[in-house]
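Asks: The file below is upload03.txt, compact mmCIF, C-alpha atoms:
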# COMPACT_ATOMS: atom_id res chain seq x y z
CA MET A 10 162.50 -22.56 234.52
CA HIS A 11 164.96 -21.44 237.20
CA LYS A 12 162.93 -21.24 240.41
CA LEU A 13 166.03 -20.28 242.46
CA THR A 14 164.34 -21.38 245.67
CA ASN A 15 167.50 -21.08 247.75
CA HIS A 16 168.22 -17.66 246.28
CA PHE A 17 164.84 -16.40 247.44
CA GLY A 18 165.44 -17.91 250.85
CA GLN A 19 168.72 -16.03 251.04
CA LEU A 20 167.02 -12.85 249.78
CA LEU A 21 164.56 -13.02 252.69
CA GLU A 22 167.47 -13.38 255.08
CA ASN A 23 169.28 -10.46 253.46
CA ILE A 24 166.33 -8.10 253.88
CA GLN A 25 165.70 -9.20 257.45
CA PRO A 26 166.24 -6.24 259.83
CA PRO A 27 169.57 -6.29 261.72
CA GLN A 28 169.38 -8.00 265.09
CA ASP A 29 170.41 -4.89 267.03
CA ARG A 30 167.48 -2.98 265.51
CA LEU A 31 165.10 -5.81 266.35
CA ASP A 32 166.43 -5.76 269.90
CA THR A 33 165.74 -2.02 270.12
CA ALA A 34 162.23 -2.52 268.75
CA ARG A 35 161.72 -5.22 271.36
CA ASP A 36 163.16 -3.35 274.35
CA LEU A 37 161.99 0.26 274.02
CA PRO A 38 158.18 -0.11 273.79
CA PRO A 39 157.85 -2.02 277.10
CA LYS A 40 159.65 0.83 278.86
CA VAL A 41 157.15 3.32 277.45
CA ARG A 42 154.29 0.97 278.30
CA ASP A 43 155.39 0.52 281.92
CA TYR A 44 155.83 4.26 282.29
CA LEU A 45 152.28 4.95 281.08
CA ARG A 46 150.76 2.08 283.05
CA ASP A 47 152.08 3.60 286.30
CA HIS A 48 151.38 7.23 285.39
CA GLU A 49 149.29 9.00 288.01
CA LEU A 50 147.49 11.47 285.74
CA PHE A 51 147.08 9.60 282.43
CA ALA A 52 144.96 6.51 283.13
CA THR A 53 145.29 3.42 280.96
CA VAL A 54 143.26 0.22 281.18
CA ILE A 55 144.22 -3.43 280.70
CA PRO A 56 146.15 -4.47 278.62
CA HIS A 57 147.53 -0.89 278.78
CA SER A 58 149.34 -1.18 275.43
CA ARG A 59 149.91 -3.52 272.52
CA LEU A 60 152.35 -3.53 269.62
CA ALA A 61 150.95 -3.00 266.13
CA GLY A 62 152.30 -2.27 262.65
CA SER A 63 154.92 -4.09 260.57
CA TYR A 64 157.04 -5.10 263.57
CA ALA A 65 154.12 -6.85 265.24
CA GLN A 66 153.14 -8.40 261.91
CA ARG A 67 156.72 -9.67 261.39
CA THR A 68 156.74 -8.23 257.87
CA CYS A 69 159.53 -5.67 258.30
CA VAL A 70 162.24 -5.39 255.66
CA GLY A 71 165.54 -3.54 255.89
CA ASP A 72 166.18 -1.33 258.88
CA VAL A 73 163.64 -1.03 261.70
CA LYS A 74 163.45 2.56 262.83
CA ASP A 75 159.99 2.77 264.35
CA VAL A 76 157.26 0.81 266.05
CA ASP A 77 153.59 1.59 266.58
CA PHE A 78 151.80 0.66 269.72
CA LEU A 79 148.29 1.15 270.98
CA VAL A 80 147.65 2.73 274.37
CA THR A 81 144.30 1.59 275.76
CA VAL A 82 142.11 4.11 277.60
CA ASP A 83 138.57 4.00 278.94
CA GLY A 84 135.74 5.85 277.21
CA ASP A 85 132.65 5.98 275.05
CA PRO A 86 133.76 6.44 271.43
CA GLU A 87 130.24 6.85 270.05
CA ASN A 88 129.72 9.95 272.17
CA ASN A 89 133.32 11.12 271.85
CA GLU A 90 133.92 10.78 275.59
CA PRO A 91 136.62 11.64 276.30
CA GLU A 92 137.25 13.89 273.30
CA ALA A 93 139.70 12.24 270.91
CA LYS A 94 141.71 15.43 270.45
CA GLN A 95 141.97 15.97 274.19
CA VAL A 96 143.20 12.41 274.80
CA VAL A 97 146.06 12.94 272.33
CA GLN A 98 146.94 16.19 274.10
CA ASP A 99 146.85 14.49 277.51
CA LEU A 100 149.00 11.63 276.24
CA LYS A 101 151.52 14.19 274.98
CA LYS A 102 151.68 15.82 278.41
CA ALA A 103 152.19 12.44 280.07
CA LEU A 104 155.00 11.48 277.69
CA ASP A 105 156.78 14.82 278.10
CA ASP A 106 158.34 13.45 281.29
CA LEU A 107 159.23 10.10 279.76
CA PRO A 108 162.86 10.98 278.84
CA GLN A 109 163.68 11.96 282.42
CA ALA A 110 161.92 8.90 283.82
CA LEU A 111 163.98 6.63 281.54
CA GLY A 112 167.22 8.38 282.43
CA TYR A 113 167.80 10.27 279.19
CA ASP A 114 169.58 13.61 279.26
CA GLU A 115 167.92 16.72 277.92
CA GLY A 116 167.98 16.83 274.14
CA GLU A 117 168.42 13.06 273.70
CA THR A 118 164.73 12.56 272.94
CA VAL A 119 161.99 14.48 271.15
CA VAL A 120 158.30 14.18 272.06
CA GLU A 121 155.84 15.53 269.50
CA ARG A 122 152.07 15.45 269.12
CA ASN A 123 150.66 14.26 265.81
CA ARG A 124 147.04 14.34 264.72
CA ARG A 125 146.24 10.87 266.03
CA SER A 126 149.30 9.83 268.06
CA VAL A 127 152.27 11.00 270.09
CA HIS A 128 155.68 10.54 268.51
CA VAL A 129 158.74 9.83 270.65
CA TYR A 130 162.16 9.94 268.98
CA PHE A 131 165.19 8.47 270.75
CA LYS A 132 168.17 10.16 269.13
CA ASP A 133 170.95 7.85 270.36
CA GLU A 134 169.12 4.80 269.09
CA ASP A 135 167.79 6.64 266.00
CA PHE A 136 164.46 5.06 266.83
CA HIS A 137 160.86 6.26 266.78
CA VAL A 138 157.89 5.13 268.86
CA ASP A 139 154.36 6.15 267.87
CA ALA A 140 151.89 5.87 270.74
CA VAL A 141 148.29 5.74 269.49
CA PRO A 142 145.52 6.03 272.10
CA CYS A 143 142.57 3.73 271.56
CA ILE A 144 139.30 2.66 273.17
CA ALA A 145 138.65 -1.08 273.02
CA PRO A 146 135.05 -1.81 274.14
CA ASP A 147 135.19 -5.49 273.10
CA GLY A 148 138.85 -6.21 273.72
CA ILE A 149 141.92 -5.03 271.87
CA GLU A 150 141.90 -8.00 269.46
CA ASN A 151 138.54 -6.85 268.08
CA VAL A 152 137.41 -3.49 266.70
CA VAL A 153 138.99 -0.58 268.55
CA TYR A 154 138.53 3.17 268.18
CA VAL A 155 141.44 5.51 267.47
CA PRO A 156 141.52 9.31 267.04
CA ASP A 157 140.61 10.45 263.55
CA ARG A 158 143.32 12.35 261.67
CA ASN A 159 141.19 15.34 260.68
CA TRP A 160 138.16 15.57 262.96
CA ASN A 161 137.73 15.43 266.69
CA LYS A 162 136.16 11.99 266.87
CA TRP A 163 136.98 8.31 267.28
CA ILE A 164 137.02 5.99 264.26
CA LYS A 165 137.05 2.22 263.92
CA SER A 166 140.23 0.23 263.39
CA GLN A 167 141.37 -3.34 263.97
CA PRO A 168 145.19 -3.44 263.97
CA ILE A 169 145.60 -6.40 266.32
CA GLY A 170 143.02 -8.39 264.38
CA TYR A 171 145.04 -7.64 261.25
CA VAL A 172 148.17 -9.07 262.88
CA GLN A 173 146.24 -12.25 263.70
CA LEU A 174 144.80 -12.41 260.18
CA ILE A 175 148.29 -12.41 258.68
CA THR A 176 149.32 -15.17 261.08
CA ASP A 177 146.27 -17.27 260.19
CA LEU A 178 146.65 -16.77 256.43
CA ASP A 179 150.36 -17.53 256.56
CA ARG A 180 149.60 -20.80 258.30
CA GLU A 181 146.81 -21.65 255.86
CA TYR A 182 148.66 -20.78 252.66
CA HIS A 183 151.92 -22.73 252.95
CA LYS A 184 153.87 -20.07 254.92
CA LYS A 185 153.96 -17.87 251.81
CA VAL A 186 151.94 -14.82 252.93
CA ARG A 187 154.56 -13.10 255.09
CA PRO A 188 157.38 -13.78 252.58
CA LEU A 189 155.22 -12.40 249.77
CA MET A 190 154.51 -9.25 251.79
CA LYS A 191 158.23 -8.82 252.38
CA LEU A 192 159.02 -9.28 248.69
CA ILE A 193 156.50 -6.66 247.57
CA LYS A 194 157.89 -4.24 250.16
CA GLN A 195 161.46 -4.89 249.02
CA PHE A 196 160.38 -4.28 245.42
CA ARG A 197 158.78 -0.98 246.45
CA ASN A 198 161.77 0.15 248.52
CA GLU A 199 164.21 -0.69 245.75
CA GLN A 200 162.25 0.78 242.85
CA MET A 201 160.51 3.77 244.43
CA ILE A 202 162.53 6.32 246.35
CA TYR A 203 159.59 8.72 246.24
CA ARG A 204 155.85 8.28 245.83
CA ARG A 205 155.90 4.96 247.67
CA PRO A 206 152.56 3.30 248.41
CA LYS A 207 151.93 2.61 252.08
CA SER A 208 152.87 -0.77 253.53
CA TYR A 209 149.29 -1.31 254.67
CA TRP A 210 148.09 -0.85 251.09
CA LEU A 211 150.59 -3.43 249.83
CA GLY A 212 149.56 -5.85 252.56
CA ALA A 213 145.90 -5.38 251.64
CA LEU A 214 146.71 -6.16 248.00
CA VAL A 215 148.53 -9.36 248.95
CA ILE A 216 145.66 -10.49 251.17
CA TYR A 217 143.06 -9.70 248.51
CA HIS A 218 144.82 -11.76 245.86
CA ILE A 219 145.48 -14.61 248.29
CA ARG A 220 141.86 -14.87 249.41
CA ARG A 221 139.99 -14.36 246.13
CA ASP A 222 138.35 -17.45 244.64
CA ASP A 223 140.77 -17.58 241.72
CA GLY A 224 143.61 -16.28 243.85
CA LEU A 225 147.32 -17.00 243.91
CA ASP A 226 148.52 -20.59 243.98
CA THR A 227 150.72 -20.65 247.07
CA THR A 228 152.08 -24.10 246.24
CA LYS A 229 154.28 -22.33 243.67
CA SER A 230 157.78 -21.05 244.35
CA LEU A 231 158.25 -17.52 245.69
CA GLY A 232 159.58 -16.29 242.34
CA GLU A 233 156.50 -17.57 240.52
CA LEU A 234 154.24 -16.20 243.25
CA PHE A 235 155.79 -12.76 243.07
CA HIS A 236 155.31 -12.66 239.30
CA ASP A 237 151.70 -13.82 239.63
CA LEU A 238 151.05 -11.16 242.28
CA VAL A 239 152.43 -8.16 240.36
CA ASP A 240 150.73 -9.39 237.20
CA ALA A 241 147.39 -9.78 239.00
CA ILE A 242 147.61 -6.29 240.54
CA HIS A 243 148.47 -4.78 237.17
CA VAL A 244 145.53 -6.52 235.49
CA GLN A 245 143.29 -5.41 238.34
CA TYR A 246 144.00 -1.70 237.91
CA ASP A 247 145.48 -1.03 234.47
CA HIS A 248 142.07 -0.04 233.09
CA LEU A 249 142.13 3.00 235.40
CA LEU A 250 145.09 4.34 233.41
CA TRP A 251 143.22 4.55 230.10
CA THR A 252 139.60 5.06 231.15
CA SER A 253 140.21 8.10 233.36
CA ASP A 254 142.74 10.84 234.01
CA THR A 255 141.98 11.05 237.72
CA ALA A 256 140.90 7.62 238.98
CA THR A 257 142.84 5.73 241.65
CA PRO A 258 142.15 2.34 243.28
CA ASN A 259 139.72 1.92 246.13
CA LEU A 260 141.65 -0.57 248.24
CA GLU A 261 139.45 -2.45 250.67
CA ASP A 262 140.51 -2.70 254.29
CA PRO A 263 141.06 -6.45 254.94
CA MET A 264 139.37 -6.15 258.33
CA LEU A 265 136.62 -3.50 258.09
CA GLY A 266 135.97 -3.23 254.35
CA HIS A 267 136.23 0.55 253.92
CA ASN A 268 138.41 2.32 251.36
CA ILE A 269 141.91 2.77 252.78
CA SER A 270 143.54 4.37 249.72
CA TRP A 271 141.30 7.44 249.49
CA ASN A 272 144.37 9.69 249.62
CA TRP A 273 146.41 7.88 246.93
CA SER A 274 147.19 10.65 244.44
CA ARG A 275 146.92 9.99 240.72
CA SER A 276 150.58 10.78 240.01
CA HIS A 277 151.75 8.44 242.76
CA PHE A 278 149.43 5.70 241.49
CA GLU A 279 150.74 6.11 237.94
CA THR A 280 154.34 5.76 239.19
CA PHE A 281 153.42 2.59 241.07
CA MET A 282 151.78 1.10 237.97
CA ARG A 283 154.84 1.84 235.82
CA ARG A 284 157.15 0.15 238.31
CA LEU A 285 154.70 -2.73 238.65
CA ASP A 286 154.64 -3.25 234.89
CA GLU A 287 158.43 -3.24 234.78
CA ALA A 288 158.56 -5.80 237.59
CA ARG A 289 156.10 -8.18 235.95
CA GLN A 290 158.03 -8.04 232.67
CA CYS A 291 161.37 -8.61 234.39
CA SER A 292 160.02 -11.45 236.54
CA GLU A 293 158.53 -13.10 233.44
CA LYS A 294 161.94 -12.93 231.75
CA ALA A 295 163.62 -14.28 234.87
CA LEU A 296 161.31 -17.30 235.00
CA ALA A 297 161.71 -17.96 231.27
CA ALA A 298 165.49 -17.52 231.22
CA GLN A 299 167.49 -20.56 230.07
CA ASP A 300 170.65 -19.32 231.72
CA ARG A 301 170.81 -19.20 235.51
CA SER A 302 172.95 -16.06 235.63
CA GLU A 303 170.50 -14.31 233.31
CA ALA A 304 167.62 -15.19 235.64
CA ILE A 305 169.54 -13.82 238.62
CA GLU A 306 170.28 -10.61 236.72
CA HIS A 307 166.58 -10.05 236.07
CA TRP A 308 165.68 -10.69 239.71
CA GLN A 309 168.38 -8.27 240.83
CA SER A 310 166.85 -5.60 238.59
CA ILE A 311 163.71 -5.98 240.73
CA PHE A 312 165.05 -6.55 244.24
CA GLY A 313 168.47 -4.94 244.01
CA GLU A 314 171.74 -6.30 245.38
CA ALA A 315 169.89 -8.00 248.23
CA PHE A 316 169.10 -10.74 245.72
CA PRO A 317 172.18 -13.02 245.97
CA ILE A 318 174.37 -14.11 243.10
CA GLU A 319 176.08 -16.93 244.98
CA ILE A 320 174.46 -18.99 247.72
CA GLU A 321 176.89 -21.88 247.93
CA GLU A 322 177.80 -21.11 251.53
CA ALA A 323 174.14 -20.86 252.54
CA ALA A 324 173.32 -24.09 250.72
CA GLN A 325 176.26 -25.86 252.36
CA ASN A 326 175.08 -24.68 255.78
CA MET A 327 171.59 -25.99 255.07
CA ALA A 328 172.97 -29.36 254.01
CA HIS A 329 175.33 -29.49 256.98
CA ASN A 330 172.52 -28.76 259.44
CA ALA A 331 170.55 -31.76 258.16
CA TRP A 332 173.52 -34.17 258.19
CA PRO A 333 173.43 -37.17 260.58
CA GLY A 334 175.38 -36.35 263.71
CA VAL A 335 174.46 -32.69 263.38
CA SER A 336 170.69 -32.69 262.94
CA LYS A 337 167.99 -33.85 265.35
CA THR A 338 164.67 -35.59 264.98
CA THR A 339 161.49 -34.69 266.85
CA PRO A 340 159.00 -37.24 268.28
CA THR A 341 156.86 -36.69 265.15
CA GLY A 342 159.75 -37.63 262.84
CA LEU A 343 160.59 -34.10 261.70
CA ILE A 344 164.31 -33.53 261.04
CA VAL A 345 165.51 -30.19 262.38
CA PRO A 346 168.92 -28.48 262.66
CA ALA A 347 170.86 -29.01 265.86
CA THR A 348 170.43 -25.31 266.62
CA ALA A 349 166.64 -25.53 266.50
CA SER A 350 164.71 -25.07 269.73
CA ALA A 351 163.14 -28.50 270.15
CA PRO A 352 163.55 -29.75 273.76
CA LYS A 353 162.33 -33.29 273.06
CA ALA A 354 164.34 -33.75 269.87
CA THR A 355 166.96 -36.49 269.64
CA ARG A 356 170.27 -36.06 267.83
CA ILE A 357 170.55 -38.30 264.74
CA LYS A 358 173.50 -40.67 265.06
CA PRO A 359 176.21 -40.58 262.37
CA THR A 360 176.10 -43.49 259.92
CA LYS A 361 178.24 -44.93 257.15
CA PHE A 362 175.34 -46.77 255.55
CA HIS A 363 174.10 -45.00 252.42
CA GLY A 364 171.62 -47.57 251.11
CA GLU A 365 171.86 -50.81 249.19
CA THR A 366 174.47 -51.18 246.45
Can I see the file as structure tokens?
Replies:
Amino acid sequence: MHKLTNHFGQLLENIQPPQDRLDTARDLPPKVRDYLRDHELFATVIPHSRLAGSYAQRTCVGDVKDVDFLVTVDGDPENNEPEAKQVVQDLKKALDDLPQALGYDEGETVVERNRRSVHVYFKDEDFHVDAVPCIAPDGIENVVYVPDRNWNKWIKSQPIGYVQLITDLDREYHKKVRPLMKLIKQFRNEQMIYRRPKSYWLGALVIYHIRRDDGLDTTKSLGELFHDLVDAIHVQYDHLLWTSDTATPNLEDPMLGHNISWNWSRSHFETFMRRLDEARQCSEKALAAQDRSEAIEHWQSIFGEAFPIEIEEAAQNMAHNAWPGVSKTTPTGLIVPATASAPKATRIKPTKFHGET
């Protein structure tokens, strides 16, 4: 079996968003947050705002063109005070003056009201910010209330808790949860131009199959894990294809337990299942391939050209970073590259001794 561990490591690097886009995602939201925090007419409460979505989860792949952030306001969500619809309208009015406040010329930004958020598009940066008002009675890390898409009321959500859940699971399951989420997103982006399932749905599927009693074995390599994941999802839902002409999955929200895929259309679900079946067959062939180049070819059919053919340079860099005279050791004995941020680490001295002969 060709596990191609280094190839998957390079794949994750290749689908990492460009640094300039990450910088934009880092720098723009605080400007919007500070503007709203100091606004005289639209009142926010501590912590005023908080990043959410894929950027906050650190599960982005490819280009980063948008970020979501929560804007905390005071209120009583059970009694719809203030009215959810009115808060979105008021937030839109407040953000109408944002471009001028940030020094943008007329026409360089677009501010639009959506059903549950206010969308700000910065044309020069080709970047979108979605500001979602929320009421957080027990703190923003717990259950919050956001405007409902269709009715004038507040509904429960827990986006910051979801970010923390991913962090906790990633730590518990051998640092494989975030990489697995990125791989399933890359598969979707490469194989489905249209009818793509939402990222939150994919994340929920990963979490479900990680946490179930007979769940994924995260001690395996990423290639094996990806195959096990797509196979498990296919087994989970393939019966819907032949027992009904209309059924779609009821994906459970990892935080609140309600059905989050209520609007997954049958045709879109069928497309996803076809692509999923193709991916599990290709990944099975890749893992069974006797020839390394054949295995790589199968993986490329799933992940596209982002999956590397050659990684010699990357492997050489990894080896070089761990070489005596270049690497460092921490007080706990961990060897880290010289570039790693470890203030108390000590550089390992070069040596000509290579063991007994």
Asks: With distances taken over only C-alpha atoms, which of A:Leu214, A:Cys143, A:Ile175, A:Leu231 is nearest to A:Glu90?
Replies: A:Cys143
Asks: At a cut-off of 6 Å, using all atoms listed in the file, what residues contact stretch 160-163 of chain A? Leave out same-chain residues fewer than 6 positions from it and give the result as a PyMOL selection string.
Replies: chain A and resi 86+89+93-94+154
Asks: Measuring atom to atom with all atoms listed in the file, identify which of A:Cys291, A:Leu285, A:Gly232, A:Phe131 is nearest to A:Asp114.
Replies: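 Nearest to A:Asp114: A:Phe131.
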Asks: Please determine, counting only C-alpha atoms, which residue among A:Glu303, A:Ala65, A:Met282, A:Ala52 has the shortest atom-to-atom distance to A:Val82.
Replies: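 The shortest atom-to-atom distance to A:Val82 comes from A:Ala52.
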Asks: One number please: atom CA of A:Gln66 to atom CA of A:Val172, in Å, one decimal.
Replies: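 Taking atom CA of A:Gln66 and atom CA of A:Val172, their separation equals 5.1 Å.
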Asks: Just how far from atom CA of A:Val244 is atom CA of A:Asp262, in Å to one decimal?
Replies: 19.8 Å
Asks: For the point (139.2, 4.8, 274.6) in file coordinates, what residues are within 8 Å, counting only C-alpha atoms? Give the answer as an MDAnalysis selection string?
Replies: chainID A and resid 81:86 91 142:146 154:155
Asks: Quick check, in Å to one decimal: how far apart do atom CA of A:Lys194 and atom CA of A:Ala315 lie?
Replies: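 We find that atom CA of A:Lys194 and atom CA of A:Ala315 lie 12.7 Å from each other.
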Asks: Can you tell me, as a JSON list (two decimals) with C-alpha atoms, keeping the file's coordinate frame, what residues are no more than 12 Å from A:Tyr209 when counting all atoms listed in the file, ignoring any on the same chain fewer than 5 positions away?
Replies:
[["chain", "number", "residue", "atom", "x", "y", "z"],
["A", 61, "ALA", "CA", 150.95, -3.00, 266.13],
["A", 62, "GLY", "CA", 152.30, -2.27, 262.65],
["A", 63, "SER", "CA", 154.92, -4.09, 260.57],
["A", 66, "GLN", "CA", 153.14, -8.40, 261.91],
["A", 68, "THR", "CA", 156.74, -8.23, 257.87],
["A", 69, "CYS", "CA", 159.53, -5.67, 258.30],
["A", 168, "PRO", "CA", 145.19, -3.44, 263.97],
["A", 171, "TYR", "CA", 145.04, -7.64, 261.25],
["A", 172, "VAL", "CA", 148.17, -9.07, 262.88],
["A", 175, "ILE", "CA", 148.29, -12.41, 258.68],
["A", 190, "MET", "CA", 154.51, -9.25, 251.79],
["A", 191, "LYS", "CA", 158.23, -8.82, 252.38],
["A", 193, "ILE", "CA", 156.50, -6.66, 247.57],
["A", 194, "LYS", "CA", 157.89, -4.24, 250.16],
["A", 214, "LEU", "CA", 146.71, -6.16, 248.00],
["A", 215, "VAL", "CA", 148.53, -9.36, 248.95],
["A", 216, "ILE", "CA", 145.66, -10.49, 251.17],
["A", 260, "LEU", "CA", 141.65, -0.57, 248.24],
["A", 261, "GLU", "CA", 139.45, -2.45, 250.67],
["A", 262, "ASP", "CA", 140.51, -2.70, 254.29],
["A", 263, "PRO", "CA", 141.06, -6.45, 254.94],
["A", 264, "MET", "CA", 139.37, -6.15, 258.33],
["A", 268, "ASN", "CA", 138.41, 2.32, 251.36],
["A", 269, "ILE", "CA", 141.91, 2.77, 252.78],
["A", 270, "SER", "CA", 143.54, 4.37, 249.72]]
Asks: Within 12 Å of A:Ser302, counting all atoms listed in the file, which residues show up once you throw out same-chain ones fewer than 3 positions away? Write them as JSON, numbers by chain, please.
Replies: {"A": [11, 13, 16, 295, 296, 298, 299, 305, 306, 307, 308, 309, 317, 318, 319]}
Asks: Point out the residue among A:Val80, A:Leu100, A:Val70, A:Ile164 with the least atom-to-atom distance to A:Phe51, counting all atoms listed in the file.
Replies: A:Leu100
Asks: Of the residues A:His57, A:His236, A:Lys40, A:His267, which is the one nearest to A:Lys294, using only C-alpha atoms?
Replies: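 With only C-alpha atoms as the atom set, the closest residue is A:His236.
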Asks: Excluding same-chain residues fewer than 5 positions from stretch 22-38 of chain A, what lies within 9 Å of it counting all atoms listed in the file, as a list in words?
Replies: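 In the requested form, the answer reads Phe17, Asp43, Leu60, Tyr64, Cys69, Val70, Gly71, Asp72, Val73, Lys74, Asp75, Val76, Asp77, Phe78, Glu134, Phe136, Val138, Lys191, Gln195, Ala315, Phe316 and Pro317 of chain A.
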Asks: Store the residues of this selection in a file with C-alpha atoms, as a short mmCIF file (atom, residue, chain, number, x, y, z; two decimals), in the frame of the given file.
Replies:
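Final output, selection14.cif:
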data_model
loop_
_atom_site.label_atom_id
_atom_site.label_comp_id
_atom_site.auth_asym_id
_atom_site.auth_seq_id
_atom_site.Cartn_x
_atom_site.Cartn_y
_atom_site.Cartn_z
CA PHE A 17 164.84 -16.40 247.44
CA ASP A 43 155.39 0.52 281.92
CA LEU A 60 152.35 -3.53 269.62
CA TYR A 64 157.04 -5.10 263.57
CA CYS A 69 159.53 -5.67 258.30
CA VAL A 70 162.24 -5.39 255.66
CA GLY A 71 165.54 -3.54 255.89
CA ASP A 72 166.18 -1.33 258.88
CA VAL A 73 163.64 -1.03 261.70
CA LYS A 74 163.45 2.56 262.83
CA ASP A 75 159.99 2.77 264.35
CA VAL A 76 157.26 0.81 266.05
CA ASP A 77 153.59 1.59 266.58
CA PHE A 78 151.80 0.66 269.72
CA GLU A 134 169.12 4.80 269.09
CA PHE A 136 164.46 5.06 266.83
CA VAL A 138 157.89 5.13 268.86
CA LYS A 191 158.23 -8.82 252.38
CA GLN A 195 161.46 -4.89 249.02
CA ALA A 315 169.89 -8.00 248.23
CA PHE A 316 169.10 -10.74 245.72
CA PRO A 317 172.18 -13.02 245.97
#
Asks: Within 8 Å of A:Lys101, counting only C-alpha atoms, which residues qualify if same-chain residues fewer than 4 places away don't, as an NGL selection string?
Replies: :A and (97 or 105 or 120-122 or 127)
Asks: Check the smallest atom-to-atom distance from each of A:Ile320, A:Trp251, A:Asp177, A:Lys185 to A:Ser230 using only C-alpha atoms, then report the winner.
Replies: A:Lys185
